[in-house]
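Asks: The structure file final.txt (compact mmCIF, C-alpha atoms) is provided below.
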```txt
# COMPACT_ATOMS: atom_id res chain seq x y z
CA MET P 1 -0.03 54.53 -72.77
CA GLN P 2 3.13 54.78 -74.88
CA TRP P 3 1.39 55.40 -78.18
CA HIS P 4 -1.91 57.07 -77.35
CA GLN P 5 -0.59 60.59 -77.94
CA PHE P 6 0.60 59.68 -81.45
CA VAL P 7 -2.73 58.00 -82.23
CA VAL P 8 -4.62 61.11 -81.11
CA ALA P 9 -2.35 63.32 -83.22
CA PHE P 10 -3.16 61.26 -86.31
CA ALA P 11 -6.86 61.33 -85.37
CA VAL P 12 -6.85 65.14 -85.15
CA ALA P 13 -5.25 65.29 -88.60
CA GLY P 14 -7.81 62.76 -89.85
CA VAL P 15 -10.73 64.93 -88.72
CA PHE P 16 -9.71 67.73 -91.07
CA TYR P 17 -8.30 65.58 -93.87
CA ALA P 18 -11.47 63.50 -94.22
CA ALA P 19 -13.62 66.64 -93.88
CA LEU P 20 -11.69 68.24 -96.75
CA LEU P 21 -12.21 65.13 -98.89
CA ALA P 22 -15.92 65.15 -98.02
CA MET P 23 -16.21 68.74 -99.20
CA MET P 24 -14.69 67.75 -102.55
CA GLN P 25 -17.21 64.99 -103.29
CA THR P 26 -19.91 65.38 -105.92
CA ASP P 27 -21.72 62.14 -105.05
CA LEU P 28 -23.96 61.97 -102.00
CA ARG P 29 -22.91 58.45 -101.00
CA ARG P 30 -19.20 59.24 -101.21
CA LEU P 31 -19.76 62.43 -99.21
CA LEU P 32 -21.46 60.44 -96.45
CA ALA P 33 -18.60 57.93 -96.45
CA PHE P 34 -15.95 60.59 -95.86
CA ALA P 35 -18.19 62.35 -93.33
CA VAL P 36 -18.28 59.18 -91.23
CA VAL P 37 -14.49 58.78 -91.55
CA SER P 38 -14.01 62.35 -90.33
CA HIS P 39 -16.29 61.85 -87.35
CA THR P 40 -14.79 58.48 -86.49
CA SER P 41 -11.56 60.35 -85.77
CA ILE P 42 -13.39 62.13 -82.95
CA LEU P 43 -14.35 58.72 -81.59
CA VAL P 44 -10.67 57.69 -81.71
CA ILE P 45 -9.68 60.83 -79.80
CA GLY P 46 -12.12 59.86 -77.07
CA LEU P 47 -11.10 56.21 -77.02
CA PHE P 48 -7.40 57.00 -76.64
CA SER P 49 -7.98 59.60 -73.95
CA LEU P 50 -8.01 56.51 -71.69
CA THR P 51 -10.42 57.71 -69.03
CA PRO P 52 -13.76 56.22 -67.90
CA HIS P 53 -15.68 59.14 -69.41
CA ALA P 54 -13.73 58.76 -72.64
CA PHE P 55 -14.53 55.06 -72.96
CA GLN P 56 -18.16 55.66 -72.08
CA GLY P 57 -18.48 58.45 -74.62
CA SER P 58 -16.74 56.40 -77.32
CA VAL P 59 -19.10 53.45 -76.86
CA ILE P 60 -22.19 55.66 -77.04
CA LEU P 61 -20.71 57.58 -79.97
CA SER P 62 -20.10 54.36 -81.91
CA MET P 63 -23.71 53.33 -81.24
CA ASN P 64 -24.86 56.75 -82.41
CA PHE P 65 -22.79 56.48 -85.61
CA GLY P 66 -24.25 53.09 -86.37
CA LEU P 67 -27.83 54.29 -85.98
CA ALA P 68 -27.37 57.64 -87.73
CA THR P 69 -25.31 56.26 -90.62
CA ALA P 70 -27.88 53.53 -91.17
CA GLY P 71 -30.57 56.21 -91.38
CA LEU P 72 -28.55 58.33 -93.82
CA LEU P 73 -27.81 55.37 -96.07
CA PHE P 74 -31.43 54.16 -95.96
CA MET P 75 -32.69 57.59 -97.02
CA THR P 76 -30.01 57.90 -99.71
CA GLY P 77 -31.07 54.50 -101.01
CA LEU P 78 -34.69 55.64 -101.18
CA VAL P 79 -33.58 58.71 -103.12
CA TYR P 80 -31.59 56.56 -105.53
CA ARG P 81 -34.55 54.23 -106.00
CA ARG P 82 -36.54 57.17 -107.37
CA THR P 83 -33.91 59.16 -109.25
CA ASN P 84 -31.35 56.50 -110.29
CA THR P 85 -28.60 58.89 -109.24
CA THR P 86 -26.87 60.25 -106.14
CA VAL P 87 -24.84 62.90 -107.96
CA LEU P 88 -25.52 66.13 -106.09
CA SER P 89 -25.57 68.29 -109.20
CA GLU P 90 -28.43 66.19 -110.61
CA LEU P 91 -30.53 66.28 -107.45
CA GLY P 92 -32.62 69.06 -105.97
CA SER P 93 -36.19 69.98 -104.99
CA LEU P 94 -36.71 66.52 -103.48
CA PHE P 95 -38.32 67.96 -100.36
CA ASP P 96 -41.37 68.94 -102.42
CA ARG P 97 -42.09 65.29 -103.25
CA ILE P 98 -40.63 63.26 -100.36
CA PRO P 99 -40.53 65.60 -97.33
CA PHE P 100 -40.58 62.85 -94.68
CA ILE P 101 -37.51 61.18 -96.19
CA GLY P 102 -35.82 64.58 -96.20
CA ILE P 103 -36.69 65.18 -92.55
CA THR P 104 -35.30 61.78 -91.59
CA PHE P 105 -32.08 62.47 -93.51
CA PHE P 106 -31.82 65.82 -91.70
CA ILE P 107 -32.33 64.32 -88.23
CA ALA P 108 -29.82 61.52 -88.90
CA GLY P 109 -27.30 64.12 -90.08
CA LEU P 110 -27.82 66.17 -86.91
CA SER P 111 -27.31 63.02 -84.85
CA ILE P 112 -23.92 62.48 -86.54
CA VAL P 113 -22.78 65.93 -85.40
CA GLY P 114 -24.15 65.46 -81.87
CA MET P 115 -27.08 67.84 -81.70
CA PRO P 116 -29.12 67.94 -78.45
CA GLY P 117 -31.87 65.34 -78.39
CA THR P 118 -29.73 62.70 -80.08
CA PRO P 119 -27.37 60.15 -78.45
CA GLY P 120 -24.43 61.88 -80.11
CA PHE P 121 -24.87 64.95 -77.88
CA ASP P 122 -24.07 63.24 -74.57
CA ALA P 123 -21.41 61.08 -76.24
CA ALA P 124 -19.61 64.05 -77.77
CA HIS P 125 -19.79 65.89 -74.44
CA LEU P 126 -18.11 62.98 -72.64
CA VAL P 127 -15.44 62.67 -75.33
CA LEU P 128 -14.59 66.37 -75.32
CA GLU P 129 -14.56 66.46 -71.52
CA ALA P 130 -12.09 63.56 -71.46
CA ALA P 131 -9.96 65.10 -74.21
CA ILE P 132 -9.55 68.42 -72.42
CA GLU P 133 -8.71 66.57 -69.19
CA ARG P 134 -6.04 64.42 -70.87
CA PHE P 135 -4.64 66.59 -73.67
CA GLY P 136 -5.69 70.15 -72.93
CA ALA P 137 -7.41 72.75 -75.05
CA VAL P 138 -5.65 72.31 -78.41
CA VAL P 139 -6.86 68.78 -79.14
CA THR P 140 -10.33 69.52 -77.75
CA VAL P 141 -10.76 72.68 -79.82
CA ALA P 142 -9.56 70.81 -82.92
CA ALA P 143 -12.11 68.05 -82.32
CA ALA P 144 -14.86 70.62 -81.77
CA ILE P 145 -13.96 72.45 -85.00
CA GLY P 146 -14.02 69.11 -86.83
CA ASN P 147 -17.51 68.57 -85.44
CA VAL P 148 -18.56 71.95 -86.85
CA LEU P 149 -17.10 71.05 -90.25
CA ALA P 150 -19.06 67.81 -90.22
CA ALA P 151 -22.23 69.79 -89.54
CA GLY P 152 -21.36 72.08 -92.42
CA PHE P 153 -20.94 69.50 -95.14
CA LEU P 154 -23.87 67.34 -94.01
CA LEU P 155 -26.20 70.34 -94.02
CA TRP P 156 -24.72 71.38 -97.37
CA ALA P 157 -25.51 67.93 -98.78
CA PHE P 158 -29.07 68.13 -97.42
CA GLN P 159 -29.55 71.58 -98.92
CA ARG P 160 -28.31 70.54 -102.36
CA ALA P 161 -30.24 67.27 -102.51
CA PHE P 162 -33.57 68.30 -100.96
CA LEU P 163 -33.96 72.08 -100.95
CA ALA P 164 -32.01 73.59 -103.83
CA PRO P 165 -33.84 73.96 -107.17
CA ARG P 166 -32.82 71.66 -109.99
CA LYS P 167 -30.56 73.03 -112.69
CA ASP P 168 -32.69 71.79 -115.58
CA SER P 169 -35.84 73.45 -116.82
CA GLU P 170 -38.20 71.16 -114.89
CA SER P 171 -39.57 72.76 -111.79
CA SER P 172 -40.01 69.55 -109.80
CA TRP P 173 -39.34 65.84 -109.87
CA ASP P 174 -41.93 63.55 -111.40
CA ILE P 175 -41.32 60.83 -108.81
CA GLU P 176 -43.53 58.75 -106.56
CA ARG P 177 -44.50 59.88 -103.11
CA THR P 178 -43.36 58.20 -99.91
CA SER P 179 -44.98 54.78 -99.47
CA LEU P 180 -46.28 53.31 -96.21
CA LYS P 181 -43.28 50.97 -95.93
CA GLU P 182 -40.92 53.92 -96.36
CA TYR P 183 -42.83 55.91 -93.76
CA PHE P 184 -42.37 52.98 -91.39
CA ILE P 185 -38.60 52.73 -92.09
CA ALA P 186 -38.02 56.48 -91.79
CA GLY P 187 -40.24 56.78 -88.73
CA THR P 188 -38.40 53.92 -87.02
CA VAL P 189 -35.08 55.70 -87.60
CA ILE P 190 -36.43 58.92 -86.08
CA VAL P 191 -37.97 57.19 -83.05
CA ILE P 192 -34.78 55.24 -82.28
CA LEU P 193 -32.49 58.25 -82.63
CA VAL P 194 -34.64 60.71 -80.72
CA GLY P 195 -35.77 58.13 -78.16
CA SER P 196 -32.24 57.00 -77.32
CA GLY P 197 -31.14 60.64 -77.26
CA PHE P 198 -33.70 61.77 -74.68
CA PHE P 199 -33.40 58.57 -72.62
CA ILE P 200 -29.64 58.03 -72.68
CA GLU P 201 -29.27 57.29 -68.94
CA PRO P 202 -30.17 53.56 -69.17
CA TRP P 203 -27.51 53.07 -71.84
CA LEU P 204 -24.89 54.88 -69.78
CA GLY P 205 -25.80 52.81 -66.72
CA LEU P 206 -25.61 49.59 -68.74
CA ILE P 207 -21.95 50.13 -69.66
CA GLU P 208 -20.75 51.97 -66.56
CA LYS P 209 -19.37 48.99 -64.58
CA PRO P 210 -17.46 47.26 -67.42
CA ILE P 211 -16.11 50.65 -68.55
CA ASN P 212 -14.79 51.38 -65.04
CA VAL P 213 -13.01 48.02 -64.98
CA LEU P 214 -11.61 48.62 -68.48
CA SER P 215 -10.13 51.95 -67.43
CA LEU P 216 -8.40 50.62 -64.30
CA PRO P 217 -5.03 49.77 -65.91
CA PHE P 218 -4.63 53.37 -67.06
CA HIS P 219 -5.38 55.05 -63.74
CA VAL P 220 -4.52 52.70 -60.89
CA GLU P 221 -1.01 51.88 -59.80
CA GLY P 222 -0.35 48.38 -58.51
CA ASN P 223 -2.03 45.08 -59.19
CA VAL P 224 -5.23 45.58 -61.17
CA GLU P 225 -6.65 42.18 -60.14
CA GLU P 226 -6.33 43.14 -56.49
CA VAL P 227 -8.20 46.38 -57.17
CA ILE P 228 -11.03 44.52 -58.91
CA ILE P 229 -11.29 42.02 -56.05
CA GLN P 230 -11.34 44.85 -53.54
CA GLN P 231 -14.10 46.63 -55.47
CA SER P 232 -16.15 43.41 -55.48
CA ILE P 233 -15.72 43.07 -51.71
CA ASP P 234 -16.74 46.70 -51.20
CA GLN P 235 -19.87 46.21 -53.32
CA LYS P 236 -20.84 43.12 -51.30
CA ASP P 237 -20.34 45.01 -48.07
```
Now that the file is in, can you turn its structure into structure tokens?

Replies:
Amino acid sequence: MQWHQFVVAFAVAGVFYAALLAMMQTDLRRLLAFAVVSHTSILVIGLFSLTPHAFQGSVILSMNFGLATAGLLFMTGLVYRRTNTTVLSELGSLFDRIPFIGITFFIAGLSIVGMPGTPGFDAAHLVLEAAIERFGAVVTVAAAIGNVLAAGFLLWAFQRAFLAPRKDSESSWDIERTSLKEYFIAGTVIVILVGSGFFIEPWLGLIEKPINVLSLPFHVEGNVEEVIIQQSIDQKD
């Protein structure tokens, strides 16, 4: 309670600082690394808002980051396996040869920025709702703008790697098509992200009770143990 405002101030600065560093990267893997750092600052803003909705959103957002980042890194690894490079200036026109890998990269990137249909959407909504309740409009608007920046550089990376034409004279990559194993990996990523996004209620219900107990010290005056015991008695009644 004494330090959460300072932590949130650093997190707001971190959103834009890491986004600026991401924009400066020429390597796809380094860009993804800074993108995750930028978005993790939004998670910190939610966590240190110290409300039940904030904790709930932060837990779901961390789950979303884990799933989406795994998908992005898997797809980047499959690109590197074919091209032996992740330098953005040397990539391009990949969508012509490996469209399903490109689609999976795109969906995972949208999940990072909290698009509807992904678990990041409900999580970001809870975090921003808690932030405006605790800190007002300035912090919330800053977090929302950081989210827009994240969308910008992830879509920019997708455009350069998969859609933009290559700079050399070759019109397309002479690389292998997507294999069955890679279809399975990419398809699993899509199913998990979209499935957990459209059916987020069971996950929210799973963490609701422990989250409510976790938030008690920040909202209830008096003895927290007595409050917990009283809640247990009320539930039994």

Asks: May I ask which of the residues P:Ile211, P:Leu50, P:Ala11, P:Ile98 is the closest one to Val79 (chain P), counting only C-alpha atoms?

Replies: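 Between P:Ile211, P:Leu50, P:Ala11, P:Ile98, the residue approaching Val79 (chain P) most closely is P:Ile98.
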
Asks: Would you kindly return, as a list in words, each protein, DNA or RNA residue with an atom no farther than 10 Å from any atom of Ala137 (chain P), considering all atoms listed in the file and excluding same-chain residues fewer than 6 positions away?

Replies: Leu128, Ala131 and Ala143 of chain P

Asks: Can you measure CA of Gly14 (chain P) to CA of Gly197 (chain P) for me? One decimal in Å is fine.

Replies: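 Result for CA of Gly14 (chain P) versus CA of Gly197 (chain P): 26.6 Å, one decimal.
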
Asks: From the options P:Ala151, P:Ser41, P:Pro119, P:Leu73, which residue's atoms come nearest to Ala9 (chain P), counting only C-alpha atoms?

Replies: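 Smallest distance to Ala9 (chain P) is found for P:Ser41.
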
Asks: Point out the residue among P:Ala123, P:Leu21, P:Leu78, P:Met1 with the least atom-to-atom distance to Glu201 (chain P), counting only C-alpha atoms.

Replies: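 Of the candidates, the smallest distance to Glu201 (chain P) is held by P:Ala123.
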
Asks: Quick one: of P:Ala70, P:Phe55, P:Ile103, P:Ala19, who's nearest to Ile192 (chain P), counting only C-alpha atoms?

Replies: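 Ranked by minimum distance to Ile192 (chain P), first place goes to P:Ala70.
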
Asks: Measuring between all atoms listed in the file, which one of P:Gly66, P:Gly92, P:Pro116, P:Gly146 shows the shortest distance to Ile42 (chain P)?

Replies: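 When distances to Ile42 (chain P) are compared using all atoms listed in the file, the smallest one comes from P:Gly146.
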
Asks: Using all atoms listed in the file, pick whichever of P:Leu180, P:Val189, P:Leu154, P:Ala54 has the shortest atom-to-atom distance to Met23 (chain P).

Replies: P:Leu154

Asks: Report, in Å with one decimal, the straight-line distance from CA of Thr118 (chain P) to CA of Leu216 (chain P).

Replies: 29.2 Å

Asks: Excluding Gly71 (chain P) and its own-chain neighbours fewer than 6 positions away, which residues fall within 8 Å of it when counting all atoms listed in the file? Please give them as a list in words.

Replies: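 Returned residues: Thr104, Phe105, Ala108, Ala186 and Val189 of chain P.
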
Asks: Can you work out the spacing between CA of Glu129 (chain P) and CA of Phe158 (chain P) in Å, to one decimal?

Replies: 29.7 Å

Asks: Go ahead and fit an axis-aligned box to every listed atom of region 195-199 of chain P plus 6 Å each side, and pass me the centre and edge lengths in Å, one decimal, as lines of an AutoDock Vina configuration file.

Replies:
```
center_x = -33.5
center_y = 59.4
center_z = -75.4
size_x = 16.6
size_y = 16.8
size_z = 17.5
```

Asks: Would you kindly return, as a list in words, each protein, DNA or RNA residue with an atom no farther than 8 Å from any atom of Val36 (chain P), considering all atoms listed in the file and excluding same-chain residues fewer than 4 positions away?

Replies: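 In the requested format, the answer is Leu32, Thr40, Phe65 and Thr69 of chain P.
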
Asks: Which residues, protein or nucleic acid, reach to within 12 Å of (-33.1, 75.8, -100.8) in the file's coordinates when using all atoms listed in the file, and can you give that as an MDAnalysis selection string?

Replies: chainID P and resid 91:96 155:166

Asks: Please provide the set of residues having any atom within 9 Å of Gly120 (chain P), restricted to all atoms listed in the file, with same-chain residues fewer than 2 positions apart removed, written as a list in words.

Replies: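 In the requested form, the answer reads Gly57, Ile60, Leu61, Ser62, Met63, Asn64, Phe65, Leu110, Ser111, Ile112, Val113, Gly114, Met115, Pro116, Gly117, Thr118, Asp122, Ala123, Ala124, His125 and Gly197 of chain P.
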